[in-house]
Amino acid sequence: MGLMSGVNNDEYVRLLGAWPSPFVLRTRIALNLKRVPYEYLEEEDTLNSESVLNYNPVHKQIPILIHGNKPIRESLNIVMYVDETWLSGPPILPSDPFDRAVARFWDVYIDEHCFTSINGVAVAKDEEERKMAIAKLEQCMALLEETFQECSKGRGFFGGDNIGFIDIGFGSMLGPLKVLEKFSGVKFIHPENTPGLFNWADRFYAHEAVKPVMPDIEKLVEFARLKFNTSIFK
């Protein structure tokens, strides 16, 4: 998405990212949801990017949102910043303090357990290690199925009638999950085992804030083959 002409320098929004990153995807969805015009800058070599080193000298990672001249780092932190800064579009985090705390808890859980388990399956050294990582990921999906039923209260998304903080956090992992399903032969989101998540995933993919920026699965498959030079991706 390009910048709108005539935007004040203090409101100039840029996003440094890389297309395969689920963490960059979170930021793009949040900006789309809030209808924020921004300039997307693809960083092909993040480890040696002068912009990344300049704006994130501590972790040297993307995504980096630059609002005016102010850099905001870390994907969940950026999503919260976007929600608090732009009132256009639906709220991303709930207004109730307890519900906000619950949403933040589950997004941290998704990063610390689900994403690490996806990587764990991909880089497993042997069959035993692979089985353990798959079992942990299946446990994550079972917990998220329960969480969806509790948080959605019978509506379409974790956030209720529209996508919210948990939707963005977990939805950004759907691409890597689909790639993993393709190569492992295991269906982690299944209509029988996780019916809520199964139907939610279709709604999430079709959402107007998500569809234009969701990476193509076949491109992700090729990226995974190059990144993870292990037997599961051969």
# chains A, B, ... in the order shown; residues from 1 in each chain; ligands from 1
>>> residues_around(residues="stretch 186-192 of chain A", least_positions_apart="2", cutoff="9 Å", atoms="only C-alpha atoms", output="list of chain:residue names")
A:Ile134, A:Leu137, A:Glu138, A:Met141, A:Leu177, A:Lys178, A:Leu180, A:Glu181, A:Lys182, A:Phe183, A:Ser184, A:Thr194, A:Pro195, A:Gly196, A:Leu197, A:Phe198, A:Asn199, A:Ala201
>>> write_last_selection(atoms="N, CA, C and O atoms", output="compact mmCIF listing (two decimals), in the first residue's frame")
# COMPACT_ATOMS: atom_id res chain seq x y z
N ILE A 134 5.24 -32.40 17.09
CA ILE A 134 3.88 -32.50 16.55
C ILE A 134 2.86 -32.59 17.69
O ILE A 134 1.82 -31.93 17.66
N LEU A 137 2.39 -29.25 19.25
CA LEU A 137 1.62 -28.36 18.39
C LEU A 137 0.14 -28.74 18.40
O LEU A 137 -0.74 -27.87 18.40
N GLU A 138 -0.16 -30.03 18.42
CA GLU A 138 -1.55 -30.47 18.51
C GLU A 138 -2.18 -30.03 19.83
O GLU A 138 -3.37 -29.67 19.86
N MET A 141 -3.15 -26.43 19.45
CA MET A 141 -4.38 -26.26 18.68
C MET A 141 -5.61 -26.59 19.53
O MET A 141 -6.64 -25.91 19.44
N LEU A 177 1.52 -22.81 9.24
CA LEU A 177 0.81 -24.05 9.59
C LEU A 177 0.41 -24.84 8.35
O LEU A 177 0.55 -26.07 8.30
N LYS A 178 -0.09 -24.14 7.34
CA LYS A 178 -0.50 -24.82 6.10
C LYS A 178 0.70 -25.45 5.40
O LYS A 178 0.60 -26.54 4.83
N LEU A 180 3.40 -26.50 6.90
CA LEU A 180 3.77 -27.66 7.72
C LEU A 180 2.82 -28.83 7.49
O LEU A 180 3.26 -29.99 7.41
N GLU A 181 1.53 -28.54 7.36
CA GLU A 181 0.56 -29.60 7.08
C GLU A 181 0.87 -30.27 5.75
O GLU A 181 0.76 -31.50 5.62
N LYS A 182 1.26 -29.48 4.78
CA LYS A 182 1.55 -30.01 3.44
C LYS A 182 2.69 -31.02 3.47
O LYS A 182 2.63 -32.06 2.80
N PHE A 183 3.72 -30.70 4.25
CA PHE A 183 4.90 -31.56 4.24
C PHE A 183 4.88 -32.66 5.29
O PHE A 183 5.49 -33.71 5.09
N SER A 184 4.18 -32.43 6.41
CA SER A 184 4.17 -33.44 7.47
C SER A 184 3.06 -34.46 7.29
O SER A 184 3.12 -35.57 7.83
N THR A 194 -10.86 -29.68 15.53
CA THR A 194 -10.91 -28.25 15.86
C THR A 194 -11.91 -27.54 14.95
O THR A 194 -11.53 -26.71 14.12
N PRO A 195 -13.20 -27.86 15.10
CA PRO A 195 -14.20 -27.30 14.17
C PRO A 195 -14.31 -25.79 14.24
O PRO A 195 -14.53 -25.13 13.21
N GLY A 196 -14.15 -25.22 15.44
CA GLY A 196 -14.22 -23.77 15.56
C GLY A 196 -13.10 -23.09 14.81
O GLY A 196 -13.33 -22.14 14.05
N LEU A 197 -11.88 -23.58 14.99
CA LEU A 197 -10.73 -23.01 14.30
C LEU A 197 -10.80 -23.23 12.80
O LEU A 197 -10.39 -22.37 12.01
N PHE A 198 -11.33 -24.37 12.40
CA PHE A 198 -11.42 -24.71 10.98
C PHE A 198 -12.29 -23.69 10.24
O PHE A 198 -11.89 -23.17 9.19
N ASN A 199 -13.44 -23.39 10.79
CA ASN A 199 -14.33 -22.41 10.16
C ASN A 199 -13.82 -20.98 10.33
O ASN A 199 -13.98 -20.15 9.44
N ALA A 201 -10.71 -20.06 10.38
CA ALA A 201 -9.60 -19.84 9.45
C ALA A 201 -10.12 -19.36 8.09
O ALA A 201 -9.53 -18.46 7.48
>>> closest_residue(among="A:Ile92, A:Val24, A:Leu31, A:Leu87", to="A:Phe157", atoms="only C-alpha atoms")
A:Ile92
>>> closest_atom_pairs(of="stretch 101-183 of chain A", to="stretch 76-85 of chain A", cutoff="9 Å", atoms="only C-alpha atoms", output="JSON lines")
{"residue": "A:Arg104", "atom": "CA", "partner": "A:Leu76", "partner_atom": "CA", "distance": 8.6}
{"residue": "A:Asp107", "atom": "CA", "partner": "A:Leu76", "partner_atom": "CA", "distance": 7.9}
{"residue": "A:Val108", "atom": "CA", "partner": "A:Leu76", "partner_atom": "CA", "distance": 8.5}
{"residue": "A:Phe165", "atom": "CA", "partner": "A:Val79", "partner_atom": "CA", "distance": 7.9}
{"residue": "A:Ile168", "atom": "CA", "partner": "A:Val79", "partner_atom": "CA", "distance": 8.7}
{"residue": "A:Gly169", "atom": "CA", "partner": "A:Leu76", "partner_atom": "CA", "distance": 7.6}
>>> select_by_dssp(residues="stretch 23-101 of chain A", states="strand (DSSP E or B)", output="VMD selection string")
chain A and resid 39 to 42 64 to 67 70 to 73
>>> select_by_dssp(residues="stretch 32-176 of chain A", states="alpha helix (DSSP H)", output="count of residues only")
76
>>> closest_residue(among="A:Ser88, A:Ser117, A:Ser21, A:Thr147", to="A:Lys131", atoms="only C-alpha atoms")
A:Ser117
>>> closest_residue(among="A:Val58, A:Cys114, A:Val121, A:Ile72", to="A:Arg14", atoms="only C-alpha atoms")
A:Ile72
>>> closest_residue(among="A:Leu15, A:Ala135, A:Val123, A:Ile217", to="A:Val36", atoms="only C-alpha atoms")
A:Leu15
